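Enquirer: Handing you a structure now.
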Amino acid sequence: MNTEPLLKVNDLKVHFYTLRGVVHALERIAFHLNRQETLGLAGETGCGKSVTARSILRLIDPPGRIISGSIIFEGRDILTLDEAKVRQIRGRKISMIMQEPKMSLNPVIRVGEQIAETLLIHDRSLNRRLARQQAVDMLAQLGIADATRIARRYPHELSGGMSQRIMIAMMLVTRPKLLIADEPTSALDVTIQAQILELMQTLVREIQTSVLMITHDLGVMAETCERVAVMYAGDMIEIGSVHNVLKNPQHPYTQGLLQTVPDKANPDQPMYSIRGNVPSLLEPQTNCRFAPRCEYAMERCKQEIPPVYHLNGNHQAACFLHDRSPAVETAS
Ligand code: SF4
């Protein structure tokens with residue numbers, strides 16, 4: 001059995017060249033994803049989760065640019081491949097489900113036809129009739145009772161939940177090795193969210209796909225992920241098992257983030273928010289970006305970038321509070 005990680009992101013740096021200056025969107029992103037594992041990517045809006053996902057698919061368009069780093073997928077660095085090879089990987093080996101399904105579906109093509117088209121693009125030996133049948137089979141596998149009838153519908157004839165099922169079918173029909181799910185349920189009604197997540201998990205298990213689950217919903221993370229990586233202002237600040245990170249967070253930002261989750265048992269309790277604001281990314285990172293908001297900040301936090309410290313049980317945190325632990329070069 002191959003024990004090498006399916007994906008290994010090393011020291012990824014992405015900048016956007018805007019009229020206001022250079023936005024240092026990602027500074028030192030490093031993590032790995034094992035085969036058939038679900039890794040959650042957590043953090044506030046704008047922390048760089050989606051930029052990380054798009055970098056893996058090499059979909060950073062100007063004025064953005066991947067400055068440095070490597071993205072090793074199945075032993076090959078995606079950043080060094082020519083565009084034709086990357087196109088063979090996109091959709092076939094790595095698929096991505098977006099937050100808003102209706103934005104990703106073509107409004108003038110029947111949904112079954114769109115799923116069949118995905119198959120035809122990646123398998124030239126397949127004929128259209130067989131591709132259509134496989135599309136219907138995939139919808140049935142997703143628990144859609146009348147799959148043949150639904151396949152003939154246009155996107156505007158479907159509910160948000162059904163559209164997201166169609167997107168899941170479209171992204172998994174090629175049996176990719178890696179599924180990137182970017183806030184897959186945040187545009188859906190809460191009652192539908194659980195159903196969609198369950199469906200996705202069942203299918204992912206059946207086709208043995210690894211998942212990078214991007215979400216700001218820590219509840220979704222707890223239910224679906226084995227490990228969690230937390231990002232803050234373009235930096236990866238904590239990684240560990242879902243239990244360690246959510247039950248015993250070691251970075252002050254993660255601790256604050258967990259306190260912002262409303263306590264369902266105490267609905268009248270005032271909402272907690274982390275004081276201060278997310279820093280501007282127009283300046284290169286020279287210190288701990290969380291320092292202006294951190295109650296434990298020391299002088300060195302304002303002057304140096306904290307290394308990533310290796311804690312117990314594959315738990316890592318980039319915070320000087322752990323400077324008695326061994327430092328690792330970058331988080332992984
Ligand atoms: Fe707070 Fe310093 Fe740790 Fe940053 S490095 S999170 S400022 S204690």
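To be explicit about the labels: the chains of the structure tokens are called A, B, and onward in the order shown, and within each one the residues are counted from 1, while ligands get numbers from 1 in the order they are shown.
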Quick one: everything within 7 Å of A:Gly112, counting only C-alpha atoms, minus sequence neighbours fewer than 3 positions away in the same chain. Send it as a PyMOL selection string.
Expert: chain A and resi 115-116+132+135-136+151-152
Enquirer: Compute the set of protein, DNA and RNA residues whose minimum atom distance to ligand 1 is at most 9 Å, using only C-alpha atoms and all ligand atoms, and state it as number ranges by chain.
Expert: A: 237, 251-253, 287-302, 304-307, 317-322
Enquirer: Using only C-alpha atoms, which residue out of A:Phe31, A:Ser159, A:Gly64, A:Asp268 lies closest to A:Thr18?
Expert: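 Nearest to A:Thr18: A:Gly64.
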Enquirer: I'd like the contact shell of A:Thr174 - 8 Å cut-off, only C-alpha atoms, skipping same-chain residues fewer than 5 positions apart - returned as a ChimeraX atom specification.
Expert: /A:91-93,118-119,122
Enquirer: If you count only C-alpha atoms, which residues fall within 10 Å of A:Val261, apart from same-chain ones fewer than 4 positions away, as number ranges by chain?
Expert: A: 217-219, 256-257, 271-273
Enquirer: Let me make sure I understand: among A:Arg275, A:Arg110, A:Arg129, A:His315, which one has the smallest atom-to-atom distance to A:Val230 if we use only C-alpha atoms?
Expert: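 Looking only at the distances to A:Val230, the closest residue turns out to be A:His315.
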Enquirer: Please give the complete set of residues from stretch 4-186 of chain A that DSSP, run on the backbone, assigns to alpha helix (DSSP H), formatted as JSON, numbers by chain.
Expert: {"A": [49, 50, 51, 52, 53, 54, 55, 56, 83, 84, 85, 86, 87, 88, 89, 101, 102, 103, 104, 111, 112, 113, 114, 115, 116, 117, 118, 119, 120, 121, 122, 128, 129, 130, 131, 132, 133, 134, 135, 136, 137, 138, 139, 140, 141, 147, 148, 149, 150, 151, 160, 161, 162, 163, 164, 165, 166, 167, 168, 169, 170, 171, 172]}
Enquirer: So, with only C-alpha atoms as the atoms that count, which of A:Thr215, A:Thr254, A:Gln164, A:Gln141 lies closest to A:Thr202?
Expert: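 Counting only C-alpha atoms, the residue closest to A:Thr202 is A:Gln141.
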Enquirer: Write out as a PyMOL selection string the residues lying within 8 Å of A:Leu199, counting only C-alpha atoms and excluding same-chain residues fewer than 3 positions away.
Expert: chain A and resi 142-143+195-196+202-203
Enquirer: Store the residues picked out above in a file with C-alpha atoms, as a PDB file, in the first residue's frame.
Expert:
ATOM      1  CA  LEU A 142     -26.589   9.996  -4.724  1.00  0.00           C
ATOM      2  CA  GLY A 143     -29.994   8.803  -3.563  1.00  0.00           C
ATOM      3  CA  GLN A 195     -28.151  15.536   4.137  1.00  0.00           C
ATOM      4  CA  ILE A 196     -25.695  16.878   1.559  1.00  0.00           C
ATOM      5  CA  THR A 202     -20.854   8.203   1.686  1.00  0.00           C
ATOM      6  CA  LEU A 203     -19.848   8.683  -1.936  1.00  0.00           C
TER       7      LEU A 203
END
Enquirer: When you look at stretch 4-17 of chain A with a cut-off of 6 Å (counting only C-alpha atoms), what residues show up, excluding the ones that are within fewer than 2 positions of it in the same chain? I need them as a PyMOL selection string.
Expert: chain A and resi 2+22-35+63-74
Enquirer: Which residues are close to A:Leu246, i.e. within 10 Å by only C-alpha atoms, leaving aside same-chain residues fewer than 2 positions away? Reply as a list in words.
Expert: Leu218, Gly219, Met221, Ala222, Arg227, Val228, Gly240, Ser241, Val242, His243, Asn244, Asn248, Pro249, Gln250, Thr254, Gln255, Leu257 and Leu258 of chain A
Enquirer: As an exercise, work out the distance from atom CA of A:Ile97 to atom CA of A:Met167 in Å and give it to one decimal place.
Expert: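 Distance reported for this atom pair: 6.6 Å.
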Enquirer: Can you measure atom CA of A:Met170 to atom CA of A:Met98 for me? One decimal in Å is fine.
Expert: 11.7 Å
Enquirer: Go through stretch 81-153 of chain A and collect every residue that DSSP, computed from the backbone, puts in strand (DSSP E or B); the answer should be as an MDAnalysis selection string.
Expert: chainID A and resid 90 94:97
Enquirer: Do you have the atom CA of A:Leu130-atom CA of A:Val211 distance handy?
Expert: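 Computed distance, atom CA of A:Leu130 to atom CA of A:Val211, equals 27.7 Å.
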